[in-house]
file entry-v1.txt (compact mmCIF, C-alpha atoms and all ligand atoms)
# COMPACT_ATOMS: atom_id res chain seq x y z
CA MET A 1 85.83 0.13 -32.26
CA THR A 2 85.83 3.49 -34.06
CA PHE A 3 83.82 6.46 -32.91
CA PRO A 4 81.46 8.09 -33.59
CA ILE A 5 79.12 5.11 -33.82
CA LYS A 6 76.03 5.89 -35.87
CA ALA A 7 72.70 4.24 -35.32
CA THR A 8 69.09 4.55 -36.39
CA CYS A 9 65.77 3.26 -35.17
CA GLN A 10 63.96 0.62 -37.22
CA CYS A 11 62.11 3.11 -39.45
CA GLY A 12 65.01 5.55 -39.78
CA GLN A 13 63.17 8.61 -38.43
CA ILE A 14 65.53 8.82 -35.44
CA SER A 15 69.30 8.60 -35.61
CA TYR A 16 72.15 9.23 -33.25
CA GLU A 17 75.91 9.45 -33.06
CA LEU A 18 77.79 8.25 -30.02
CA HIS A 19 81.20 9.92 -29.83
CA LYS A 20 82.79 8.08 -26.90
CA PRO A 21 82.59 4.62 -25.34
CA PRO A 22 79.86 4.24 -22.72
CA ILE A 23 80.72 4.53 -19.03
CA ALA A 24 79.24 1.08 -18.35
CA VAL A 25 77.02 -1.49 -20.05
CA PHE A 26 74.36 -3.43 -18.18
CA ALA A 27 72.01 -6.26 -19.01
CA CYS A 28 68.84 -5.97 -16.92
CA HIS A 29 66.61 -8.99 -16.38
CA CYS A 30 63.80 -7.24 -14.46
CA THR A 31 60.22 -7.76 -15.62
CA GLU A 32 59.93 -4.10 -16.72
CA CYS A 33 62.90 -4.58 -19.05
CA GLN A 34 61.45 -7.83 -20.35
CA LYS A 35 58.33 -5.87 -21.33
CA LEU A 36 60.19 -2.97 -22.88
CA ALA A 37 62.60 -5.15 -24.84
CA THR A 38 59.95 -7.77 -25.73
CA ALA A 39 62.86 -10.08 -24.94
CA PRO A 40 64.27 -11.89 -21.87
CA TYR A 41 66.38 -8.87 -20.90
CA SER A 42 67.42 -5.45 -22.13
CA VAL A 43 70.91 -4.07 -22.68
CA THR A 44 71.62 -0.50 -21.67
CA ALA A 45 74.74 1.62 -22.13
CA LEU A 46 75.23 4.31 -19.54
CA CYS A 47 76.56 7.34 -21.44
CA SER A 48 77.24 10.98 -20.81
CA ALA A 49 74.65 13.19 -22.55
CA GLU A 50 77.42 15.38 -24.01
CA ASP A 51 78.84 12.37 -25.89
CA ILE A 52 75.64 11.72 -27.89
CA GLN A 53 73.77 13.66 -30.56
CA PHE A 54 70.21 12.67 -31.38
CA HIS A 55 68.44 13.62 -34.61
CA GLY A 56 64.68 13.56 -35.13
CA GLU A 57 61.73 14.22 -32.86
CA LEU A 58 61.40 11.75 -30.01
CA LYS A 59 58.29 11.05 -27.95
CA GLU A 60 58.48 10.64 -24.19
CA TRP A 61 56.80 8.39 -21.63
CA ARG A 62 57.46 8.53 -17.87
CA ARG A 63 57.04 6.13 -15.00
CA GLY A 64 58.05 6.02 -11.34
CA SER A 65 60.70 3.47 -10.37
CA ASP A 66 61.01 1.44 -7.16
CA SER A 67 63.76 3.78 -5.97
CA GLY A 68 61.35 6.74 -6.12
CA ASN A 69 63.05 8.29 -9.16
CA ILE A 70 61.24 9.15 -12.37
CA SER A 71 62.32 7.10 -15.35
CA ALA A 72 61.65 8.93 -18.59
CA ALA A 73 61.72 6.91 -21.80
CA LYS A 74 62.36 8.44 -25.21
CA PHE A 75 61.07 6.54 -28.21
CA CYS A 76 60.51 6.92 -31.93
CA PRO A 77 56.93 8.02 -32.76
CA GLY A 78 57.17 6.23 -36.10
CA CYS A 79 58.24 2.68 -35.23
CA GLY A 80 58.11 2.75 -31.43
CA ASN A 81 61.76 1.76 -30.90
CA ARG A 82 62.93 2.72 -27.42
CA ILE A 83 65.99 4.97 -27.87
CA TYR A 84 67.04 5.96 -24.37
CA HIS A 85 65.99 6.45 -20.76
CA TYR A 86 66.97 9.22 -18.35
CA ASN A 87 66.13 10.65 -14.96
CA PRO A 88 64.70 14.20 -15.42
CA ASP A 89 66.51 15.20 -12.20
CA ASN A 90 69.82 14.11 -13.72
CA PRO A 91 69.58 14.71 -17.50
CA SER A 92 73.38 14.61 -18.01
CA SER A 93 73.26 10.83 -17.75
CA ILE A 94 71.73 8.85 -20.64
CA LYS A 95 70.74 5.19 -20.53
CA LEU A 96 71.06 4.34 -24.19
CA LYS A 97 69.15 1.34 -25.48
CA LEU A 98 71.43 -0.62 -27.75
CA LYS A 99 68.92 -2.44 -29.91
CA PRO A 100 69.01 0.03 -32.83
CA VAL A 101 72.79 0.08 -33.32
CA ASP A 102 73.73 -0.55 -36.94
CA HIS A 103 76.57 -2.97 -36.27
CA VAL A 104 75.37 -6.42 -37.19
CA GLY A 105 77.08 -9.23 -35.35
CA ALA A 106 79.81 -7.01 -33.90
CA ASN A 107 80.84 -7.67 -30.32
CA LEU A 108 79.45 -4.28 -29.50
CA PHE A 109 79.22 -3.19 -25.90
CA GLU A 110 79.08 -6.55 -24.23
CA PRO A 111 77.43 -6.10 -20.80
CA SER A 112 79.96 -6.20 -17.96
CA THR A 113 77.23 -6.61 -15.35
CA HIS A 114 73.89 -8.42 -15.37
CA ILE A 115 71.37 -7.03 -12.88
CA TRP A 116 68.00 -8.23 -11.50
CA VAL A 117 69.10 -11.79 -12.13
CA SER A 118 66.49 -12.83 -9.52
CA GLU A 119 63.84 -12.15 -12.22
CA LYS A 120 65.78 -13.80 -15.06
CA VAL A 121 64.02 -16.30 -17.35
CA GLU A 122 65.35 -19.80 -16.73
CA TRP A 123 66.80 -20.56 -20.16
CA VAL A 124 69.06 -17.49 -20.32
CA GLU A 125 72.60 -18.34 -19.22
CA ILE A 126 74.89 -15.57 -18.05
CA PRO A 127 78.51 -15.84 -19.22
CA LYS A 128 80.87 -16.84 -16.39
CA HIS A 129 83.23 -13.88 -16.86
CA VAL A 130 80.64 -11.16 -16.13
CA LYS A 131 79.23 -9.94 -12.82
CA ALA A 132 75.67 -10.99 -11.93
CA LEU A 133 73.66 -9.24 -9.22
CA PRO A 134 70.34 -10.55 -7.82
CA LYS A 135 68.83 -7.03 -7.78
CA GLY A 136 69.68 -3.56 -9.10
CA LEU A 137 72.91 -1.69 -8.41
ZN ZN A 201 61.59 4.83 -35.94
ZN ZN A 202 65.31 -3.60 -15.79

call {"tool": "encode", "arguments": {"input": "entry-v1.txt", "output": "structure tokens", "more": "lines below"}}
Ligand SMILES: [Zn+2]
Ligand SMILES: [Zn+2]
result
Amino acid sequence: MTFPIKATCQCGQISYELHKPPIAVFACHCTECQKLATAPYSVTALCSAEDIQFHGELKEWRRGSDSGNISAAKFCPGCGNRIYHYNPDNPSSIKLKLKPVDHVGANLFEPSTHIWVSEKVEWVEIPKHVKALPKGL
């Protein structure tokens, strides 16, 4: 894999470059992620904010999480693609949403851990070689 990796949202208004591999990659099966991804689960790459450059004006939406932290979501105002999440108390850590990456079919950032498997839809099968946790980390 060569860095930087460039990606855009669906409409192209937002783009980013990721300069280093993520710290970790998770697949989350919780019902919130099912809503946000409009899919059975969402894939998130935990990255350091200094390793990513974003271009374009993002909109923000915030919600409280079960742990009591604020989860802030950045998304494209044009097409609505979710770009990343972060905790405003810890903005150096970026939870990058991988959907918009422009690498079709590449084995890009395979999740090493699946979380909230207790809320997983029945027909999704988790590969045997990855970790699966019933709840969050
Ligand atoms: Zn867009
Ligand atoms: Zn989740």

call {"tool": "residues_around", "arguments": {"input": "entry-v1.txt", "residues": "His29 of chain A", "least_positions_apart": "2", "cutoff": "8 Å", "atoms": "all atoms listed in the file", "output": "list in words"}}
result
Ala27, Thr31, Cys33, Gln34, Pro40, Tyr41, Ser42, His114, Ile115, Trp116, Val117, Ser118, Glu119, Lys120 and Val121 of chain A

call {"tool": "write_last_selection", "arguments": {"input": "entry-v1.txt", "atoms": "C-alpha atoms", "output": "mmCIF file, in the frame of the given file"}}
result
data_model
loop_
_atom_site.group_PDB
_atom_site.id
_atom_site.type_symbol
_atom_site.label_atom_id
_atom_site.label_comp_id
_atom_site.auth_asym_id
_atom_site.auth_seq_id
_atom_site.Cartn_x
_atom_site.Cartn_y
_atom_site.Cartn_z
ATOM 1 C CA ALA A 27 72.010 -6.260 -19.010
ATOM 2 C CA THR A 31 60.220 -7.760 -15.620
ATOM 3 C CA CYS A 33 62.900 -4.580 -19.050
ATOM 4 C CA GLN A 34 61.450 -7.830 -20.350
ATOM 5 C CA PRO A 40 64.270 -11.890 -21.870
ATOM 6 C CA TYR A 41 66.380 -8.870 -20.900
ATOM 7 C CA SER A 42 67.420 -5.450 -22.130
ATOM 8 C CA HIS A 114 73.890 -8.420 -15.370
ATOM 9 C CA ILE A 115 71.370 -7.030 -12.880
ATOM 10 C CA TRP A 116 68.000 -8.230 -11.500
ATOM 11 C CA VAL A 117 69.100 -11.790 -12.130
ATOM 12 C CA SER A 118 66.490 -12.830 -9.520
ATOM 13 C CA GLU A 119 63.840 -12.150 -12.220
ATOM 14 C CA LYS A 120 65.780 -13.800 -15.060
ATOM 15 C CA VAL A 121 64.020 -16.300 -17.350
#

call {"tool": "residues_near_ligand", "arguments": {"input": "entry-v1.txt", "ligand": "ligand ZN 201 (chain A)", "cutoff": "12 Å", "atoms": "all atoms listed in the file", "output": "PyMOL selection string"}}
result
chain A and resi 7-16+55-59+74-83+99-100

call {"tool": "residues_around", "arguments": {"input": "entry-v1.txt", "residues": "segment 47-51 of chain A", "least_positions_apart": "6", "cutoff": "8 Å", "atoms": "all atoms listed in the file", "output": "ChimeraX atom specification"}}
result
/A:18-24,91-96

call {"tool": "closest_residue", "arguments": {"input": "entry-v1.txt", "among": "A:Ser112, A:Phe3, A:Ala39, A:Glu17", "to": "ligand ZN 202 (chain A)", "atoms": "only C-alpha atoms and all ligand atoms"}}
result
A:Ala39

call {"tool": "atom_distance", "arguments": {"input": "entry-v1.txt", "atom1": "atom CA of Phe26 of chain A", "atom2": "atom CA of Ile52 of chain A"}}
result
18.0 Å

call {"tool": "decode", "arguments": {"input": "entry-v1.txt", "residues": "segment 48-60 of chain A", "atoms": "N, CA and C atoms", "output": "PDB file, in the first residue's frame"}}
result
ATOM      1  N   SER A  48      -4.284   9.144  13.496  1.00  0.00           N
ATOM      2  CA  SER A  48      -3.820  10.336  14.182  1.00  0.00           C
ATOM      3  C   SER A  48      -4.164  11.549  13.321  1.00  0.00           C
ATOM      4  N   ALA A  49      -4.725  12.591  13.932  1.00  0.00           N
ATOM      5  CA  ALA A  49      -5.176  13.762  13.174  1.00  0.00           C
ATOM      6  C   ALA A  49      -4.046  14.374  12.348  1.00  0.00           C
ATOM      7  N   GLU A  50      -2.816  14.271  12.840  1.00  0.00           N
ATOM      8  CA  GLU A  50      -1.692  14.895  12.113  1.00  0.00           C
ATOM      9  C   GLU A  50      -1.328  14.117  10.839  1.00  0.00           C
ATOM     10  N   ASP A  51      -1.865  12.917  10.680  1.00  0.00           N
ATOM     11  CA  ASP A  51      -1.567  12.109   9.488  1.00  0.00           C
ATOM     12  C   ASP A  51      -2.584  12.317   8.367  1.00  0.00           C
ATOM     13  N   ILE A  52      -3.599  13.160   8.597  1.00  0.00           N
ATOM     14  CA  ILE A  52      -4.653  13.344   7.586  1.00  0.00           C
ATOM     15  C   ILE A  52      -4.818  14.824   7.262  1.00  0.00           C
ATOM     16  N   GLN A  53      -5.023  15.102   5.980  1.00  0.00           N
ATOM     17  CA  GLN A  53      -5.421  16.454   5.571  1.00  0.00           C
ATOM     18  C   GLN A  53      -6.779  16.362   4.889  1.00  0.00           C
ATOM     19  N   PHE A  54      -7.698  17.191   5.360  1.00  0.00           N
ATOM     20  CA  PHE A  54      -9.030  17.256   4.757  1.00  0.00           C
ATOM     21  C   PHE A  54      -9.143  18.518   3.917  1.00  0.00           C
ATOM     22  N   HIS A  55      -9.857  18.433   2.804  1.00  0.00           N
ATOM     23  CA  HIS A  55     -10.107  19.593   1.949  1.00  0.00           C
ATOM     24  C   HIS A  55     -11.613  19.729   1.747  1.00  0.00           C
ATOM     25  N   GLY A  56     -12.097  20.972   1.829  1.00  0.00           N
ATOM     26  CA  GLY A  56     -13.519  21.219   1.655  1.00  0.00           C
ATOM     27  C   GLY A  56     -14.167  21.461   3.001  1.00  0.00           C
ATOM     28  N   GLU A  57     -15.328  22.078   2.958  1.00  0.00           N
ATOM     29  CA  GLU A  57     -16.028  22.467   4.186  1.00  0.00           C
ATOM     30  C   GLU A  57     -16.974  21.375   4.653  1.00  0.00           C
ATOM     31  N   LEU A  58     -16.677  20.833   5.845  1.00  0.00           N
ATOM     32  CA  LEU A  58     -17.488  19.750   6.391  1.00  0.00           C
ATOM     33  C   LEU A  58     -18.555  20.304   7.320  1.00  0.00           C
ATOM     34  N   LYS A  59     -19.683  19.627   7.400  1.00  0.00           N
ATOM     35  CA  LYS A  59     -20.695  19.927   8.409  1.00  0.00           C
ATOM     36  C   LYS A  59     -20.522  18.989   9.589  1.00  0.00           C
ATOM     37  N   GLU A  60     -21.058  19.406  10.755  1.00  0.00           N
ATOM     38  CA  GLU A  60     -20.866  18.587  11.945  1.00  0.00           C
ATOM     39  C   GLU A  60     -22.186  18.303  12.644  1.00  0.00           C
TER      40      GLU A  60
END
